[in-house]
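Visitor: For reference, this is upload34.cif, and it has mmCIF, C-alpha atoms and all ligand atoms.
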data_work
#
loop_
_atom_site.label_atom_id
_atom_site.label_comp_id
_atom_site.auth_asym_id
_atom_site.auth_seq_id
_atom_site.Cartn_x
_atom_site.Cartn_y
_atom_site.Cartn_z
CA MET F 23 -14.01 -8.03 13.89
CA ALA F 24 -15.50 -4.57 14.45
CA GLU F 25 -18.95 -4.16 12.95
CA PRO F 26 -18.41 -1.10 10.67
CA ARG F 27 -15.49 -2.77 8.91
CA ALA F 28 -17.30 -6.05 8.54
CA ALA F 29 -20.31 -4.22 7.13
CA ALA F 30 -18.06 -2.42 4.66
CA LEU F 31 -17.10 -5.72 3.09
CA THR F 32 -20.48 -5.93 1.47
CA GLY F 33 -20.01 -2.59 -0.33
CA LYS F 34 -19.86 -2.41 -4.12
CA LEU F 35 -16.74 -1.57 -6.05
CA VAL F 36 -16.60 2.16 -6.61
CA SER F 37 -15.98 4.03 -9.83
CA VAL F 38 -12.52 5.47 -10.20
CA GLY F 39 -11.55 9.04 -10.98
CA GLU F 40 -10.37 10.70 -14.13
CA HIS F 41 -6.95 9.03 -14.08
CA GLY F 42 -7.88 5.47 -13.30
CA ARG F 43 -9.97 2.92 -15.09
CA PRO F 44 -13.64 2.69 -14.26
CA SER F 45 -14.40 -0.36 -12.16
CA SER F 46 -17.42 -2.53 -12.17
CA VAL F 47 -18.17 -5.95 -10.85
CA SER F 48 -18.18 -7.34 -14.38
CA GLU F 49 -14.80 -5.97 -15.41
CA ARG F 50 -11.90 -8.34 -16.04
CA GLY F 51 -8.38 -7.56 -14.93
CA ALA F 52 -5.04 -8.26 -16.64
CA SER F 53 -5.39 -11.95 -15.77
CA GLY F 54 -8.81 -12.10 -17.41
CA ARG F 55 -10.39 -12.84 -14.04
CA PRO F 56 -13.51 -10.81 -13.24
CA ALA F 57 -13.10 -8.08 -10.64
CA ALA F 58 -15.89 -9.53 -8.52
CA GLU F 59 -14.12 -12.88 -8.24
CA ARG F 60 -10.81 -11.25 -7.32
CA ARG F 61 -12.54 -9.05 -4.76
CA GLU F 62 -14.21 -12.05 -3.19
CA GLN F 63 -10.80 -13.65 -2.71
CA LEU F 64 -9.50 -10.42 -1.23
CA VAL F 65 -12.36 -10.49 1.26
CA ALA F 66 -11.49 -14.11 2.05
CA LEU F 67 -7.88 -13.10 2.71
CA TYR F 68 -9.09 -10.26 4.95
CA ARG F 69 -11.25 -12.69 6.93
CA ARG F 70 -8.41 -15.17 7.22
CA LEU F 71 -6.00 -12.55 8.52
CA GLY F 72 -8.50 -11.60 11.21
CA ASP F 73 -7.17 -14.68 12.92
CA CYS F 74 -3.52 -14.27 11.95
CA SER F 75 -0.78 -15.87 14.00
CA ASP F 76 2.02 -15.66 11.41
CA CYS F 77 4.07 -13.55 13.81
CA GLN F 78 3.63 -12.24 17.34
CA LEU F 79 2.41 -8.78 16.30
CA ALA F 80 -1.29 -9.67 16.12
CA GLY F 81 -1.12 -10.46 19.83
CA CYS F 82 -0.05 -6.89 20.69
CA ALA F 83 -2.23 -5.02 18.17
CA THR F 84 -5.77 -3.69 18.60
CA ASN F 85 -6.86 -4.32 15.02
CA LEU F 86 -5.77 -5.93 11.80
CA VAL F 87 -4.95 -3.19 9.28
CA PHE F 88 -5.51 -5.12 6.09
CA GLY F 89 -5.67 -2.20 3.65
CA ASN F 90 -8.59 -0.46 2.02
CA GLY F 91 -9.85 1.27 -1.10
CA ASN F 92 -10.76 0.03 -4.55
CA ALA F 93 -10.28 -3.74 -4.90
CA ASP F 94 -9.82 -3.28 -8.67
CA ALA F 95 -7.55 -0.24 -8.52
CA ASP F 96 -4.99 0.67 -11.16
CA LEU F 97 -2.93 2.32 -8.48
CA MET F 98 -1.91 0.66 -5.25
CA PHE F 99 0.17 2.13 -2.43
CA ALA F 100 2.34 0.03 -0.14
CA GLY F 101 3.37 1.67 3.12
CA GLU F 102 5.35 0.29 6.02
CA ALA F 103 3.15 -0.72 8.94
CA PRO F 104 0.17 0.65 10.85
CA GLY F 105 0.78 3.32 13.46
CA PHE F 106 -1.25 4.21 16.53
CA HIS F 107 -4.33 5.59 14.76
CA GLU F 108 -4.33 2.93 12.08
CA ASP F 109 -4.20 0.29 14.81
CA GLN F 110 -7.11 1.95 16.60
CA GLN F 111 -9.29 2.22 13.50
CA GLY F 112 -8.16 -0.81 11.48
CA ILE F 113 -7.58 1.43 8.45
CA PRO F 114 -4.24 2.40 6.84
CA PHE F 115 -2.95 5.96 6.72
CA VAL F 116 -5.55 7.73 8.82
CA GLY F 117 -3.12 9.88 10.83
CA ARG F 118 -1.09 12.90 9.77
CA ALA F 119 0.85 11.00 7.13
CA GLY F 120 -2.49 9.78 5.80
CA LYS F 121 -3.81 13.32 5.63
CA LEU F 122 -0.83 14.28 3.50
CA LEU F 123 -1.43 11.23 1.30
CA ASP F 124 -5.04 12.36 0.84
CA GLU F 125 -3.92 15.89 -0.10
CA LEU F 126 -1.44 14.57 -2.63
CA LEU F 127 -4.06 12.28 -4.14
CA ASP F 128 -6.50 15.15 -4.34
CA GLU F 129 -3.95 17.26 -6.22
CA ILE F 130 -3.89 14.64 -8.99
CA GLY F 131 -7.65 14.23 -9.04
CA LEU F 132 -7.86 10.97 -7.10
CA GLY F 133 -9.33 9.94 -3.77
CA ARG F 134 -9.02 6.94 -1.49
CA GLY F 135 -11.88 5.23 -3.27
CA ASP F 136 -9.85 5.21 -6.50
CA VAL F 137 -6.78 3.47 -5.12
CA PHE F 138 -5.94 0.62 -2.78
CA VAL F 139 -3.73 1.39 0.22
CA ALA F 140 -1.94 -1.37 2.13
CA ASN F 141 1.19 -1.89 4.19
CA VAL F 142 4.07 -4.37 4.36
CA LEU F 143 2.94 -5.31 7.89
CA LYS F 144 -0.72 -5.78 8.70
CA HIS F 145 -0.35 -5.27 12.45
CA ARG F 146 1.26 -2.42 14.32
CA PRO F 147 4.72 -3.05 15.79
CA PRO F 148 4.67 -2.00 19.46
CA GLY F 149 5.66 1.62 20.03
CA ASN F 150 5.79 2.18 16.24
CA ARG F 151 9.21 0.57 16.06
CA ASP F 152 10.58 -0.47 12.66
CA PRO F 153 9.37 -3.75 11.20
CA ARG F 154 11.77 -6.62 11.94
CA PRO F 155 13.07 -8.96 9.21
CA ASP F 156 11.17 -11.95 10.62
CA GLU F 157 7.94 -9.93 10.70
CA ILE F 158 8.43 -8.80 7.11
CA ASP F 159 9.11 -12.37 6.03
CA ALA F 160 6.00 -13.61 7.80
CA CYS F 161 3.73 -10.88 6.44
CA LYS F 162 5.02 -10.35 2.89
CA PRO F 163 2.98 -13.15 1.28
CA HIS F 164 -0.16 -11.18 2.17
CA LEU F 165 1.01 -8.05 0.35
CA PHE F 166 2.02 -10.14 -2.67
CA ARG F 167 -1.38 -11.81 -2.62
CA GLN F 168 -3.12 -8.41 -2.45
CA ILE F 169 -1.15 -7.30 -5.51
CA GLU F 170 -2.05 -10.54 -7.28
CA LEU F 171 -5.75 -10.07 -6.61
CA ILE F 172 -6.07 -6.32 -7.20
CA GLU F 173 -3.93 -6.40 -10.37
CA PRO F 174 -2.77 -2.76 -10.23
CA ARG F 175 -0.82 -1.24 -13.12
CA VAL F 176 1.26 0.86 -10.78
CA VAL F 177 2.40 -0.03 -7.28
CA CYS F 178 3.71 3.00 -5.45
CA THR F 179 6.04 2.02 -2.62
CA LEU F 180 6.17 4.54 0.21
CA GLY F 181 9.58 4.68 1.86
CA ASN F 182 12.34 2.15 2.40
CA PHE F 183 10.62 -0.93 3.73
CA ALA F 184 8.07 -1.38 0.98
CA THR F 185 10.56 -0.29 -1.68
CA LYS F 186 13.23 -2.79 -0.67
CA LEU F 187 10.73 -5.58 -0.29
CA LEU F 188 9.02 -5.08 -3.64
CA THR F 189 12.07 -4.16 -5.70
CA GLY F 190 13.97 -7.10 -4.21
CA SER F 191 16.96 -4.82 -3.91
CA SER F 192 18.84 -3.30 -1.00
CA ARG F 193 18.98 0.11 -2.69
CA GLY F 194 17.52 2.73 -0.42
CA ILE F 195 14.60 4.96 -1.30
CA MET F 196 16.73 8.09 -1.75
CA SER F 197 18.63 6.52 -4.62
CA VAL F 198 15.61 5.05 -6.41
CA ARG F 199 12.78 7.50 -5.69
CA GLY F 200 10.83 8.96 -8.56
CA ARG F 201 12.05 6.36 -11.06
CA PRO F 202 9.54 3.74 -12.21
CA GLN F 203 10.80 0.17 -12.50
CA GLU F 204 9.11 -2.72 -14.20
CA ARG F 205 9.02 -5.83 -12.04
CA GLU F 206 7.51 -9.26 -12.01
CA LEU F 207 5.37 -9.37 -8.89
CA SER F 208 2.98 -12.14 -8.00
CA GLY F 209 3.27 -13.55 -11.51
CA ARG F 210 2.46 -10.30 -13.29
CA THR F 211 4.52 -7.39 -14.57
CA VAL F 212 3.79 -4.17 -12.73
CA ARG F 213 5.26 -0.74 -12.76
CA LEU F 214 6.79 -0.09 -9.36
CA TYR F 215 7.13 3.53 -8.44
CA PRO F 216 9.15 4.16 -5.28
CA ILE F 217 8.54 7.48 -3.56
CA LEU F 218 9.22 8.93 -0.14
CA HIS F 219 7.08 7.93 2.80
CA PRO F 220 4.64 10.77 3.61
CA ALA F 221 5.85 10.74 7.24
CA ALA F 222 9.37 11.51 5.97
CA ALA F 223 8.00 14.27 3.77
CA MET F 224 6.49 15.96 6.82
CA ARG F 225 9.95 16.42 8.29
CA SER F 226 11.35 18.90 5.77
CA ASP F 227 10.14 21.20 3.00
CA ALA F 228 12.65 19.69 0.59
CA ALA F 229 11.33 16.17 1.16
CA ARG F 230 7.77 17.37 0.84
CA HIS F 231 8.56 18.99 -2.51
CA GLN F 232 10.23 15.81 -3.71
CA LEU F 233 7.17 13.79 -2.75
CA GLN F 234 4.86 16.29 -4.43
CA GLU F 235 6.95 16.28 -7.56
CA ASP F 236 7.00 12.45 -7.70
CA PHE F 237 3.26 12.30 -7.06
CA ARG F 238 2.55 14.58 -10.00
CA ARG F 239 4.01 11.97 -12.32
CA LEU F 240 1.45 9.37 -11.32
CA PRO F 241 -1.26 10.33 -13.86
CA GLU F 242 1.26 9.97 -16.67
CA LEU F 243 2.34 6.54 -15.38
CA LEU F 244 -1.25 5.41 -15.04
CA ALA F 245 -1.95 6.46 -18.61
CA GLU F 246 0.84 4.25 -19.95
CA PRO F 247 -0.09 0.80 -21.23
CA ARG F 248 0.36 -2.10 -18.87
CA PRO F 249 4.00 -3.25 -18.98
CA GLU F 250 4.79 -6.32 -21.07
CA PRO F 251 5.37 -9.51 -19.07
CA ALA F 252 8.78 -10.65 -17.81
CA VAL F 253 10.95 -7.63 -18.47
CA ALA F 254 12.92 -7.90 -15.26
CA PRO F 255 13.89 -11.04 -13.38
CA LEU F 256 12.17 -11.66 -10.10
CA LEU F 257 14.89 -11.19 -7.55
CA GLU F 258 14.86 -12.86 -4.22
CA PRO F 259 13.46 -10.10 -2.02
CA VAL F 260 15.92 -8.85 0.55
CA SER F 261 14.62 -8.02 3.93
CA ALA F 262 14.35 -4.26 4.12
CA ALA F 263 14.77 -4.25 7.86
CA ARG F 264 18.42 -5.27 7.48
CA GLU F 265 19.19 -1.90 5.94
CA PRO F 266 19.43 1.26 7.98
CA ALA F 267 16.49 3.63 7.72
CA THR F 268 17.17 6.72 5.61
CA ALA F 269 15.52 10.10 5.42
CA GLY F 270 13.02 8.58 3.00
CA SER F 271 11.57 6.31 5.60
CA PRO F 272 11.64 7.77 9.06
CA PRO F 273 12.27 5.51 12.01
CA GLY F 274 8.93 4.13 12.88
CA GLY F 275 7.42 5.71 9.69
CA ARG F 276 4.39 6.24 11.84
CA GLU F 277 3.88 8.54 14.76
CA PRO F 278 1.13 9.22 17.24
CA GLU F 279 -1.23 11.32 15.24
CA HIS F 280 -4.32 13.25 16.11
CA THR F 281 -6.27 13.77 12.93
CA SER F 282 -8.40 11.29 11.08
CA VAL F 283 -10.25 10.93 7.80
CA PRO F 284 -13.69 9.42 7.54
CA GLN F 285 -13.70 5.64 7.29
CA LEU F 286 -14.11 4.26 3.80
CA GLY F 287 -15.42 0.83 3.02
CA LEU F 288 -12.47 -1.52 3.18
CA PHE F 289 -12.73 -2.43 -0.49
CA GLY F 290 -14.67 0.50 -1.94
N1 LIG F 301 2.61 4.75 8.04
C1 LIG F 301 2.56 3.60 7.32
O1 LIG F 301 3.56 3.16 6.76
N2 LIG F 301 1.38 2.99 7.20
C2 LIG F 301 0.27 3.45 7.75
O2 LIG F 301 -0.77 2.83 7.58
C3 LIG F 301 0.35 4.64 8.49
C4 LIG F 301 1.53 5.27 8.63
#
Taking this structure as input, can you express it in the form of structure tokens?
Guide:
Amino acid sequence: MAEPRAAALTGKLVSVGEHGRPSSVSERGASGRPAAERREQLVALYRRLGDCSDCQLAGCATNLVFGNGNADADLMFAGEAPGFHEDQQGIPFVGRAGKLLDELLDEIGLGRGDVFVANVLKHRPPGNRDPRPDEIDACKPHLFRQIELIEPRVVCTLGNFATKLLTGSSRGIMSVRGRPQERELSGRTVRLYPILHPAAAMRSDAARHQLQEDFRRLPELLAEPRPEPAVAPLLEPVSAAREPATAGSPPGGREPEHTSVPQLGLFG
């Protein structure tokens, strides 16, 4: 495991911005479990996945892209899979799509240290191809476990793959975007908020405006009380890769990109 990322694991939880809840190692989440204990288990999962052989992707990737940000975040983002730059750096959304994500976060007064960003797949599919159903099936327990440990109030799914996986529905992103849904995920009720993938939003002004508009609703969603338990049945997740990609989730969702943001500690 590369030294800077390993070193980052020892970092403290950061404070969150205006719209999130302040974090501290003594704070308890919705489960009543202290943040420090949940973070420790997240670190254990990260370490375990450093040696992942759940599918063949780890063998072709440069780095595990586990996810990073605040391990006690109210807001979590779920993207599709690492692209070229993410694979090189071991950090999600560090290319052009990531730059747009940072800009959108900034507009609502948040930064990467306030949120946790992860993907459906933790290793890059070769050539940035779409995730395959067997890869999603193999990797999805890790995303569910991340949600269980971080205990976000709002999980924002970026594009088709994450949206279909976490909603457990085959409905594409264009028909569900911008509409929060309450779901039972990892034993807890969360507010899922499907929005376009930033890479899709870079393809047209209209898509970018839609993404901006949906993003602006996030502070309001974060201010709402945590949803009551068991409002929607947990559906058997369908594999998103069986559905065709739509404009909301561009083929490959990730492209060779040439900008980067400074590395953050993996868990704030
Ligand atoms: N696209 C994704 O879905 N995830 C990343 O980490 C980068 C680009």
Visitor: Take atom CA of F:Pro163 and atom CA of F:Pro247 and report the distance between them in Å, one decimal.
Guide: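 That distance, rounded to one decimal, is 26.7 Å.
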Visitor: Taking only C-alpha atoms into account, produce a table as JSON lines in which each residue of stretch 180-206 of chain F with an atom at most 12 Å from an atom of stretch 237-244 of chain F appears once, together with its shortest atom pair and the distance in Å to one decimal, ordered by chain and rising number.
Guide:
{"residue": "F:Leu180", "atom": "CA", "partner": "F:Phe237", "partner_atom": "CA", "distance": 11.0}
{"residue": "F:Arg199", "atom": "CA", "partner": "F:Phe237", "partner_atom": "CA", "distance": 10.7}
{"residue": "F:Gly200", "atom": "CA", "partner": "F:Arg239", "partner_atom": "CA", "distance": 8.3}
{"residue": "F:Arg201", "atom": "CA", "partner": "F:Arg239", "partner_atom": "CA", "distance": 9.9}
{"residue": "F:Pro202", "atom": "CA", "partner": "F:Leu243", "partner_atom": "CA", "distance": 8.4}
{"residue": "F:Gln203", "atom": "CA", "partner": "F:Leu243", "partner_atom": "CA", "distance": 11.0}
{"residue": "F:Glu204", "atom": "CA", "partner": "F:Leu243", "partner_atom": "CA", "distance": 11.5}
Visitor: Find the spatial neighbours of F:Lys144, counting only C-alpha atoms, within a cut-off of 6 Å - ignore same-chain residues fewer than 4 positions away - and output them as a PyMOL selection string.
Guide: chain F and resi 86-88
Visitor: Taking into account all atoms listed in the file, which residue in the set F:Ile172, F:Met98, F:Arg248, F:Val116 is nearest to F:Glu59?
Guide: F:Ile172
Visitor: For F:Ala184, which of F:Arg151, F:His145, F:Arg205, F:His219 is the closest residue, counting all atoms listed in the file?
Guide: F:His219
Visitor: When you count all atoms listed in the file, which of these residues is closest to F:Pro251: F:Gln168, F:Ser226, F:Asn141, F:Ser53?
Guide: F:Ser53
Visitor: Can you tell me how far atom CA of F:Asn150 sits from atom N1 of ligand LIG 301 (chain F), in Å to one decimal?
Guide: 9.2 Å
Visitor: Check every protein, DNA and RNA residue against ligand LIG 301 (chain F), keep those with an atom at most 6 Å away (counting all atoms listed in the file), and present them as a ChimeraX atom specification.
Guide: /F:101-105,108,114-115,119,141,275-276
Visitor: Extending 5 Å beyond the listed atoms of stretch 70-76 of chain F on each side, what axis-aligned box results? I want centre and edge lengths in Å to one decimal, as JSON.
Guide:
{"center_x": -3.2, "center_y": -13.7, "center_z": 10.6, "size_x": 20.5, "size_y": 14.3, "size_z": 16.8}
